[in-house]
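Here the structure comes first, spelled out in structure tokens, and everything after it is commentary.
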2 protein chains.
Amino acid sequence: MQKRILIVEDESSIREMVAFALRKADMEPIPAEDARAAQQAIATRRPDLILLDWMLPGMSGLELARRLSRDHLIRDIPIIMLTARGEEMDRVNGLEAGVDDYVVKPFSTRELIARIKAVLRRSQGDDGNGMLEAGELRLDSAAHRVQAGSEVLILSPTEYRLLHFFMTHRDRVYSRAQLLDQVWGGSVYVDERTVDVHIRRLRKVLEPTHMDRLIQTVRGTGYRFSETP
Amino acid sequence: MQKRILIVEDESSIREMVAFALRKADMEPIPAEDARAAQQAIATRRPDLILLDWMLPGMSGLELARRLSRDHLIRDIPIIMLTARGEEMDRVNGLEAGVDDYVVKPFSTRELIARIKAVLRRSQGDDGNGMLEAGELRLDSAAHRVQAGSEVLILSPTEYRLLHFFMTHRDRVYSRAQLLDQVWGGSVYVDERTVDVHIRRLRKVLEPTHMDRLIQTVRGTGYRFSETP
DNA sequence: GCGCATTTTCAACATTTCGTAACATACCCG
DNA sequence: CGGGTATGTTACGAAATGTTGAAAATGCGC
């Protein structure tokens with residue numbers, strides 16, 4: 001199934017080059033040259049991923065990203081930011097706005113494609129209806145329900161958000177700070193150790209079904225969600 | 001070590017401009033104005049990368065690329081295509097004659113150099129994503145995971161940093177002092193022999209998969225990471 | 001305001017990692 | 001061949017890091 005990729009970029013040469021590369025990789029490019037066009041395209045075509053230039057005429061890419069992540073229907077669309085070198089990409093700002101990855105210009109088209117695939121893969125198991133799967137685990141975000149096999153699991157709100165984040169961001173380490181940003185929201189101050197406790201809780205819920213193996217500790221760095229040990 | 005870059009381009013002004021930029025970037029340009037000259041240059045000088053104009057007098061760049069990828073000795077030389085904007089790029093779609101990247105004319109030499117470097121890096125086992133490969137070894141820096149074949153290897157934080165450094169700095173000796181600087185960070189005081197111990201630990205992890213051969217001792221100097229003994 | 005579910009903090013406990021030192025082995029050169 | 005130096009190997013205690021249970025704090029509906 002062809003993935004639709006929205007390209008929000010004001011320079012037409014870059015837009016064209018990326019569109020070219022996307023087609024070659026069997027994806028469907030949707031070009032947009034500013035935030036207005038982007039928003040319209042999102043509403044009408046619902047892309048699977050958004051490529052967002054950091055600097056845009058009118059509204060900055062970051063601002064647009066923030067707006068998008070505010071809208072619940074859109075927030076699960078992953079975003080990759082395109083930034084010019086040295087264009088101080090404050091990583092934290094990006095994380096707050098729900099940006100999934102960065103690519104620094106100038107980039108090779110192959111690298112860009114690889115990153116796009118990586119991000120799409122990470123949010124895989126998402127069949128478009130908000131059904132996420134990993135191992136025996138199934139998370140139905142529409143119904144807000146989690147199952148392991150036929151077992152229904154009861155999660156607290158935070159546990160649920162944490163698991164949901166992990167299932168849409170697999171095979172990647174996240175530090176405690178990053179998890180706090182993403183799962184708790186950037187504007188709360190809580191001890192980093194709190195993350196450990198919730199990890200523990202989540203594991204405890206998953207333990208009876210052996211799905212706790214999906215949540216892995218990366219010593220010295222943070223935690224990771226992955227099917228491979 | 002200087003990289004040899006073959007420039008196949010009929011317009012001499014572009015050839016010269018690119019050659020100039022390449023020299024400035026410490027690479028060695030090999031100019032060729034048509035397919036015949038290109039093939040001869042490939043046979044005699046074996047370039048590390050080929051810049052190929054889309055439109056050439058006689059044989060088109062695409063046709064040349066196809067021929068090259070047919071030859072097993074040549075097929076792993078990466079190719080970057082130079083195309084004019086709108087030069088029926090869509091036709092490239094399934095063709096895919098082993099082209100690694102392409103740059104749309106007019107391009108800035110700075111961008112071109114950046115792309116060249118990216119492609120060269122990739123051919124050294126760095127896919128630009130933080131996926132590093134060497135032999136059977138694969139290090140995924142996003143997931144913070146190391147595999148040898150399908151085997152997952154467990155590394156301590158320092159072992160991981162050390163391996164990561166080596167995989168991004170191959171074929172070069174580093175003294176213990178340099179390794180301490182780069183891997184431990186300049187502001188720590190530890191005995192140089194500590195490096196030996198960590199090398200030993202890393203080797204031990206790699207031993208079962210025979211990948212310890214990648215870490216080589218250079219007596220009197222330090223250590224080196226290389227695929228060739 | 002009260003009771004309940006949830007979240008956060010805290011601190012004891014368990015495990016891993018690290019640097020050092022001591023000993024073993026390999027290599028070089030006269 | 002033998003001494004001297006460089007590197008390999010191992011063991012051990014201290015320090016860093018992760019885990020865990022329980023208590024304290026918070027927030028929410030009634």
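Going through the structure tokens in order, the chains are called A, B, and so on, while each chain numbers its residues from 1 and the ligands are numbered from 1 in the order shown.
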
Once chain B is optimally superposed onto chain A by least squares, the C-alpha atoms paired in order differ by an RMSD of 14.9 Å

*asked:* Residues of chain A were defined as contacting chain C if any atom lay at most 10 Å from it, counting only C-alpha atoms (C1' of nucleotides); please report them as a PyMOL selection string.
replied: chain A and resi 156-158+190-191+193-195+197-198+219-220

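For chain D, the residues no farther than 10 Å from chain A when using only C-alpha atoms (C1' of nucleotides) are DA16, DT17, DG18, DT19 and DT20 of chain D.
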
Could you dump the residues just selected with C-alpha atoms (C1' of nucleotides) as a PDB file, in the first residue's frame?
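The result, stored in out32.pdb:
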```
ATOM      1  C1'  DA D  16      26.891   4.127  39.624  1.00  0.00           C
ATOM      2  C1'  DT D  17      22.539   2.656  38.108  1.00  0.00           C
ATOM      3  C1'  DG D  18      18.221   0.198  38.150  1.00  0.00           C
ATOM      4  C1'  DT D  19      14.446  -2.085  40.893  1.00  0.00           C
ATOM      5  C1'  DT D  20      11.068  -2.360  44.172  1.00  0.00           C
TER       6       DT D  20
END
```

CA of Arg45 in chain A sits from CA of Ser60 in chain A at a separation of 21.8 Å

Item checked: Residues flagged helix (DSSP H, G or I) by DSSP in range 15-71 of chain A, as a PyMOL selection string -> chain A and resi 15-24+35-45+61-70

Return as CSV the residues of chain A lying at most 6 Å from chain B, together with the closest atom-to-atom pair for each and the distance in Å to one decimal, counting only C-alpha atoms, with rows in chain order and ascending residue number.
```
residue,atom,partner,partner_atom,distance
A:Lys24,CA,B:Asn93,CA,5.1
A:Pro106,CA,B:Glu111,CA,5.9
A:Ser108,CA,B:Arg115,CA,5.4
A:Glu111,CA,B:Gly128,CA,5.8
A:Asp171,CA,B:Ala143,CA,5.0
A:Arg172,CA,B:Ala143,CA,3.7
A:Val173,CA,B:Ala143,CA,5.1
```

Writing out the chosen residues with C-alpha atoms as a PDB file, in the first residue's frame:
```
ATOM      1  CA  LYS A  24      11.032   6.213  -6.831  1.00  0.00           C
ATOM      2  CA  PRO A 106      21.618  19.197   2.805  1.00  0.00           C
ATOM      3  CA  SER A 108      20.961  12.728   0.512  1.00  0.00           C
ATOM      4  CA  GLU A 111      19.120   9.065   3.691  1.00  0.00           C
ATOM      5  CA  ASP A 171      13.020  -0.009  18.454  1.00  0.00           C
ATOM      6  CA  ARG A 172      14.409   3.192  19.777  1.00  0.00           C
ATOM      7  CA  VAL A 173      15.805   4.193  23.161  1.00  0.00           C
TER       8      VAL A 173
END
```

* To do: Can you list, as a PyMOL selection string, all residues belonging to range 133-162 of chain B that DSSP tags as strand (DSSP E)?
  => chain B and resi 133-134+137-140+145-148+151-153

Written file, previous selection with C-alpha atoms, as a short mmCIF file (atom, residue, chain, number, x, y, z; two decimals), in the first residue's frame:
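Saved the output as part24.cif:
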```cif
data_model
loop_
_atom_site.label_atom_id
_atom_site.label_comp_id
_atom_site.auth_asym_id
_atom_site.auth_seq_id
_atom_site.Cartn_x
_atom_site.Cartn_y
_atom_site.Cartn_z
CA GLU B 133 27.75 -2.09 9.71
CA ALA B 134 31.04 -3.91 9.59
CA LEU B 137 28.26 -6.54 12.94
CA ARG B 138 25.39 -4.10 13.01
CA LEU B 139 25.06 -1.25 15.42
CA ASP B 140 21.75 0.58 15.56
CA ARG B 145 21.43 -2.12 20.00
CA VAL B 146 24.21 -4.28 18.61
CA GLN B 147 23.79 -7.44 16.61
CA ALA B 148 26.15 -9.90 15.02
CA GLU B 151 22.58 -12.62 17.58
CA VAL B 152 21.88 -9.74 19.95
CA LEU B 153 24.97 -8.67 21.87
#
```

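Pairwise distance (CA of Glu11 in chain A, CA of Leu120 in chain A) equals 24.8 Å.
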
What separates CA of Val205 in chain B and CA of Leu162 in chain B is a distance of 12.6 Å
